[in-house]
Amino acid sequence: MDKRKNKVGKIFKAPRGTQDYLPEKATLLYRLDQLAAEKFEKAGYRRIVTPTFEETGLFQRSIGESSDIVRKEMYTFEDRKGRSLTLRPEATAPVVRAYIERNLQAEIQPVKLYYMGPMYRYERPQAGRYREFWQLGIEAIGSSAALIDAEVIVILMQYLDELGLKEITLYLGSMGDDNCRVDYAGQLKGYLESRLDSFCEDCNERIRFNPLRVFDCKKEPCKQQLKEAPKLIDHLCNECSEHFENIKRLLKVAGVDFVIDPTLVRGFDYYTRTTFEVKSPLLGSQDALGGGGRYDRLVEQYGGPDSPAIGFALGIERLILALEKEGVKTKVENEIGLFIVAIDESTQEAAFKLLIELRNIGFSVEMDYLSRSLRAQMKLADKYGARYVIIIGPDELKRDEARIKDMQTSSEKNIDMSETASYLLKKK
Ligand code: AMP
């Protein structure tokens with residue numbers, strides 16, 4: 001029996017589908033954010049942070065009542081005043097809400113934004129699929145030009161490339177607009193309804209609610225049936241077709257490779273025209289690293305001005321998994337340059353004072369907090385990988401000195417306490 005359990009009762013565990021980002025991974029998480037921020041900001045994107053929960057209706061209206069997310073994956077709850085709130089399953093709807101509510105349409109268009117934060121979906125957890133997961137994303141609101149589609153996609157692909165990912169493929173598609181989609185949806189429904197028995201139960205439901213969603217199905221028999229199905233990409237109207245051709249041309253200009261995927265229909269209702277997805281064959285069944293698309297009607301649908309937009313979201317857990325699978329170095333070392341040893345309690349105050357001084361001028365400095373022996377402290381300094389150890393004993397203190405040991409050469413030297421900082425600065 002677990003002894004701790006005996007003493008304190010239940011031992012708590014993190015909720016299913018969530019994870020703790022322990023220090024090394026947490027540092028990597030924010031390092032990825034930092035690298036993205038540098039890159040995105042150079043391209044004129046600015047950070048936005050929205051609440052982790054919103055009014056439930058916001059997501060129902062944008063993502064669509066027939067989507068898997070709204071039908072079964074939302075974390076919805078009532079607050080103490082009976083308001084229905086939902087933990088955000090994605091960030092596009094909140095960003096669009098903020099764009100309208102905070103009057104961002106008064107700024108230079110397109111408004112180019114990026115974000116990183118946790119999202120929540122009640123999905124069956126498995127490798128690469130969580131109930132709380134992080135997304136890094138971009139939204140560019142206020143332009144329908146193919147230029148901005150290309151820019152957004154290029155930024156994503158260059159970010160992944162700079163991180164060192166090699167085995168990824170960009171898939172590109174188009175979902176047309178209201179013009180071409182309505183006609184096409186009728187044709188597709190006809191095709192699907194003539195073969196209802198060949199599709200899985202989920203697909204049968206999709207055919208009823210929103211036939212385009214059958215292309216989301218991962219089951220092999222359904223995929224086989226869909227090979228012969230009419231494809232939206234072959235039914236684009238002239239404007240949509242021209243837009244699609246322009247993006248392809250611009251991606252080529254930027255040197256970004258892509259594969260056309262006529263079945264690329266993403267799981268949200270709000271997409272129009274461009275859709276894209278980045279996949280890694282090393283990720284198993286959850287192979288999509290990220291994806292996005294154009295959502296030209298969404299801002300208007302929320303009561304805002306006519307503001308065509310495009311964005312993407314990248315899943316951070318899958319990104320980290322892909323980096324690990326490709327053997328890209330992800331270990332982020334917490335570098336400790338200096339370690340201060342207080343030989344006994346009488347020297348602790350002087351050691352602490354020096355610790356603060358050295359940290360104030362930019363050194364990363366550690367000391368012992370458990371009154372370890374000198375030997376144990378030296379071992380600890382070694383474990384931290386400290387380059388120099390500063391030893392303060394009662395004798396040194398009497399002479400107002402510190403002993404500095406170079407851990408690489410093992411040489412030692414006594415220095416006036418007041419000179420320690422400048423000595424170490426010279427060595428830096
Ligand atoms: P979506 O918002 O569904 O287009 O997803 C964009 C990206 O977020 C996906 O390609 C995944 O990398 C990531 N993602 C979506 N759902 C999950 C999940 N449940 N767990 C982990 N990552 C996810």
# chains A, B, ... in the order shown; residues from 1 in each chain; ligands from 1
>>> select_by_dssp(residues="stretch 251-350 of chain A", states="strand (DSSP E or B)", output="JSON, numbers by chain")
{"A": [259, 260, 272, 273, 274, 275, 276, 277, 278, 279, 288, 289, 290, 291, 292, 293, 294, 309, 310, 311, 312, 313, 314, 315, 338, 339, 340, 341, 342]}
>>> residues_near_ligand(ligand="ligand 1", cutoff="7 Å", atoms="only C-alpha atoms and all ligand atoms", output="list of chain:residue names")
A:Glu90, A:Arg121, A:Glu123, A:Gly128, A:Arg129, A:Tyr130, A:Arg131, A:Glu132, A:Phe133, A:Trp134, A:Gln135, A:Arg266, A:Gly267, A:Ala288, A:Leu289, A:Gly290, A:Gly291, A:Gly292, A:Ala313, A:Leu314, A:Gly315, A:Ile316, A:Glu317, A:Arg318
>>> write_last_selection(atoms="N, CA and C atoms", output="PDB file, in the first residue's frame")
ATOM      1  N   GLU A  90     -10.095  26.694 -29.593  1.00  0.00           N
ATOM      2  CA  GLU A  90      -9.202  27.252 -30.613  1.00  0.00           C
ATOM      3  C   GLU A  90      -9.225  28.769 -30.438  1.00  0.00           C
ATOM      4  N   ARG A 121     -10.006  20.677 -25.597  1.00  0.00           N
ATOM      5  CA  ARG A 121     -11.002  19.891 -26.328  1.00  0.00           C
ATOM      6  C   ARG A 121     -11.168  18.550 -25.630  1.00  0.00           C
ATOM      7  N   GLU A 123     -11.350  15.396 -26.139  1.00  0.00           N
ATOM      8  CA  GLU A 123     -11.107  14.330 -27.109  1.00  0.00           C
ATOM      9  C   GLU A 123     -10.564  13.129 -26.378  1.00  0.00           C
ATOM     10  N   GLY A 128       0.012  12.455 -28.932  1.00  0.00           N
ATOM     11  CA  GLY A 128      -0.175  13.657 -29.756  1.00  0.00           C
ATOM     12  C   GLY A 128      -1.568  14.244 -29.664  1.00  0.00           C
ATOM     13  N   ARG A 129      -2.433  13.665 -28.810  1.00  0.00           N
ATOM     14  CA  ARG A 129      -3.773  14.251 -28.660  1.00  0.00           C
ATOM     15  C   ARG A 129      -4.100  14.411 -27.182  1.00  0.00           C
ATOM     16  N   TYR A 130      -4.364  15.618 -26.801  1.00  0.00           N
ATOM     17  CA  TYR A 130      -4.601  15.928 -25.396  1.00  0.00           C
ATOM     18  C   TYR A 130      -5.904  16.693 -25.235  1.00  0.00           C
ATOM     19  N   ARG A 131      -6.312  16.829 -23.977  1.00  0.00           N
ATOM     20  CA  ARG A 131      -7.506  17.638 -23.705  1.00  0.00           C
ATOM     21  C   ARG A 131      -7.118  19.084 -23.431  1.00  0.00           C
ATOM     22  N   GLU A 132      -5.930  19.270 -22.914  1.00  0.00           N
ATOM     23  CA  GLU A 132      -5.361  20.623 -22.864  1.00  0.00           C
ATOM     24  C   GLU A 132      -4.095  20.575 -23.691  1.00  0.00           C
ATOM     25  N   PHE A 133      -4.004  21.404 -24.699  1.00  0.00           N
ATOM     26  CA  PHE A 133      -2.824  21.421 -25.565  1.00  0.00           C
ATOM     27  C   PHE A 133      -2.547  22.861 -25.962  1.00  0.00           C
ATOM     28  N   TRP A 134      -1.331  23.106 -26.434  1.00  0.00           N
ATOM     29  CA  TRP A 134      -0.935  24.480 -26.748  1.00  0.00           C
ATOM     30  C   TRP A 134      -0.932  24.717 -28.253  1.00  0.00           C
ATOM     31  N   GLN A 135      -1.385  25.867 -28.629  1.00  0.00           N
ATOM     32  CA  GLN A 135      -1.312  26.249 -30.047  1.00  0.00           C
ATOM     33  C   GLN A 135      -0.589  27.580 -30.188  1.00  0.00           C
ATOM     34  N   ARG A 266     -11.116  21.296 -43.879  1.00  0.00           N
ATOM     35  CA  ARG A 266     -10.801  21.356 -42.458  1.00  0.00           C
ATOM     36  C   ARG A 266     -12.074  21.407 -41.619  1.00  0.00           C
ATOM     37  N   GLY A 267     -11.926  20.950 -40.352  1.00  0.00           N
ATOM     38  CA  GLY A 267     -13.101  20.671 -39.529  1.00  0.00           C
ATOM     39  C   GLY A 267     -13.918  21.845 -39.008  1.00  0.00           C
ATOM     40  N   ALA A 288      -1.027  15.591 -38.170  1.00  0.00           N
ATOM     41  CA  ALA A 288      -1.099  17.019 -38.535  1.00  0.00           C
ATOM     42  C   ALA A 288      -0.412  17.870 -37.468  1.00  0.00           C
ATOM     43  N   LEU A 289       0.633  18.549 -37.896  1.00  0.00           N
ATOM     44  CA  LEU A 289       1.358  19.449 -36.988  1.00  0.00           C
ATOM     45  C   LEU A 289       0.595  20.752 -36.820  1.00  0.00           C
ATOM     46  N   GLY A 290       0.034  21.180 -37.919  1.00  0.00           N
ATOM     47  CA  GLY A 290      -0.686  22.447 -37.872  1.00  0.00           C
ATOM     48  C   GLY A 290      -1.442  22.649 -39.164  1.00  0.00           C
ATOM     49  N   GLY A 291      -2.289  23.650 -39.136  1.00  0.00           N
ATOM     50  CA  GLY A 291      -3.043  23.910 -40.352  1.00  0.00           C
ATOM     51  C   GLY A 291      -3.811  25.204 -40.218  1.00  0.00           C
ATOM     52  N   GLY A 292      -4.401  25.589 -41.311  1.00  0.00           N
ATOM     53  CA  GLY A 292      -5.156  26.825 -41.258  1.00  0.00           C
ATOM     54  C   GLY A 292      -5.893  27.063 -42.544  1.00  0.00           C
ATOM     55  N   ALA A 313      -2.921  27.548 -37.095  1.00  0.00           N
ATOM     56  CA  ALA A 313      -2.596  27.158 -35.717  1.00  0.00           C
ATOM     57  C   ALA A 313      -1.682  25.942 -35.782  1.00  0.00           C
ATOM     58  N   LEU A 314      -0.653  26.018 -34.974  1.00  0.00           N
ATOM     59  CA  LEU A 314       0.336  24.952 -34.936  1.00  0.00           C
ATOM     60  C   LEU A 314       0.245  24.302 -33.554  1.00  0.00           C
ATOM     61  N   GLY A 315       0.168  22.968 -33.513  1.00  0.00           N
ATOM     62  CA  GLY A 315       0.083  22.265 -32.220  1.00  0.00           C
ATOM     63  C   GLY A 315       1.477  22.088 -31.631  1.00  0.00           C
ATOM     64  N   ILE A 316       1.683  22.678 -30.452  1.00  0.00           N
ATOM     65  CA  ILE A 316       3.031  22.678 -29.872  1.00  0.00           C
ATOM     66  C   ILE A 316       3.468  21.276 -29.420  1.00  0.00           C
ATOM     67  N   GLU A 317       2.545  20.494 -28.840  1.00  0.00           N
ATOM     68  CA  GLU A 317       2.939  19.147 -28.387  1.00  0.00           C
ATOM     69  C   GLU A 317       3.409  18.325 -29.575  1.00  0.00           C
ATOM     70  N   ARG A 318       2.677  18.430 -30.682  1.00  0.00           N
ATOM     71  CA  ARG A 318       3.074  17.652 -31.866  1.00  0.00           C
ATOM     72  C   ARG A 318       4.353  18.192 -32.468  1.00  0.00           C
TER      73      ARG A 318
END
>>> residues_around(residues="A:Ala91", least_positions_apart="6", cutoff="12 Å", atoms="only C-alpha atoms", output="PyMOL selection string")
chain A and resi 48-54+58-59+62-63+97-98+113-120+134-139+292+311-314
>>> residues_around(residues="stretch 225-237 of chain A", least_positions_apart="5", cutoff="7 Å", atoms="only C-alpha atoms", output="list of chain:residue names")
A:Ser174, A:Met175, A:Gly176, A:Asn179, A:Cys180, A:Tyr184, A:Leu188, A:Tyr191, A:Pro262, A:Thr263
>>> residues_around(residues="A:Leu160", least_positions_apart="5", cutoff="10 Å", atoms="only C-alpha atoms", output="PyMOL selection string")
chain A and resi 36+154-155+165-166+168+278+289+314+319+323
>>> residues_around(residues="A:Ala342", least_positions_apart="3", cutoff="12 Å", atoms="only C-alpha atoms", output="PyMOL selection string")
chain A and resi 339+345-355+366-378+389-397+402-403
>>> atom_distance(atom1="atom CA of A:Val299", atom2="atom CA of A:Ile100")
7.5 Å
>>> select_by_dssp(residues="stretch 68-305 of chain A", states="alpha helix (DSSP H)", output="PyMOL selection string")
chain A and resi 68+92-101+146-163+178-193+201-209+220-226+238-253+298-301
>>> residues_around(residues="stretch 101-110 of chain A", least_positions_apart="4", cutoff="10 Å", atoms="only C-alpha atoms", output="ChimeraX atom specification")
/A:95-97,139-144,148,303-309
>>> write_last_selection(atoms="C-alpha atoms", output="short mmCIF file (atom, residue, chain, number, x, y, z; two decimals), in the first residue's frame")
data_model
loop_
_atom_site.label_atom_id
_atom_site.label_comp_id
_atom_site.auth_asym_id
_atom_site.auth_seq_id
_atom_site.Cartn_x
_atom_site.Cartn_y
_atom_site.Cartn_z
CA VAL A 95 -9.28 36.83 -31.91
CA VAL A 96 -12.08 37.79 -34.28
CA ARG A 97 -14.28 38.69 -31.29
CA GLU A 139 -4.36 35.61 -37.80
CA ALA A 140 -4.23 38.27 -40.54
CA ILE A 141 -7.54 40.10 -40.74
CA GLY A 142 -8.60 42.60 -43.37
CA SER A 143 -7.28 41.47 -46.74
CA SER A 144 -8.41 38.94 -49.32
CA ILE A 148 -1.32 37.47 -47.48
CA GLY A 303 -21.50 41.59 -36.86
CA GLY A 304 -18.19 43.18 -37.84
CA PRO A 305 -17.30 44.84 -41.15
CA ASP A 306 -16.55 42.85 -44.28
CA SER A 307 -13.03 41.70 -43.32
CA PRO A 308 -11.61 38.72 -45.16
CA ALA A 309 -8.97 36.92 -43.12
#
>>> atom_distance(atom1="atom CA of A:Asp177", atom2="atom CA of A:Cys240")
7.1 Å
>>> atom_distance(atom1="atom CA of A:Glu220", atom2="atom CA of A:Arg206")
16.3 Å
>>> closest_residue(among="A:Ala150, A:Leu196, A:Leu358, A:Phe12", to="A:Lys252", atoms="only C-alpha atoms")
A:Ala150
>>> closest_residue(among="A:Glu242, A:Glu78, A:Asp344, A:Glu333", to="A:Tyr384", atoms="only C-alpha atoms")
A:Glu333
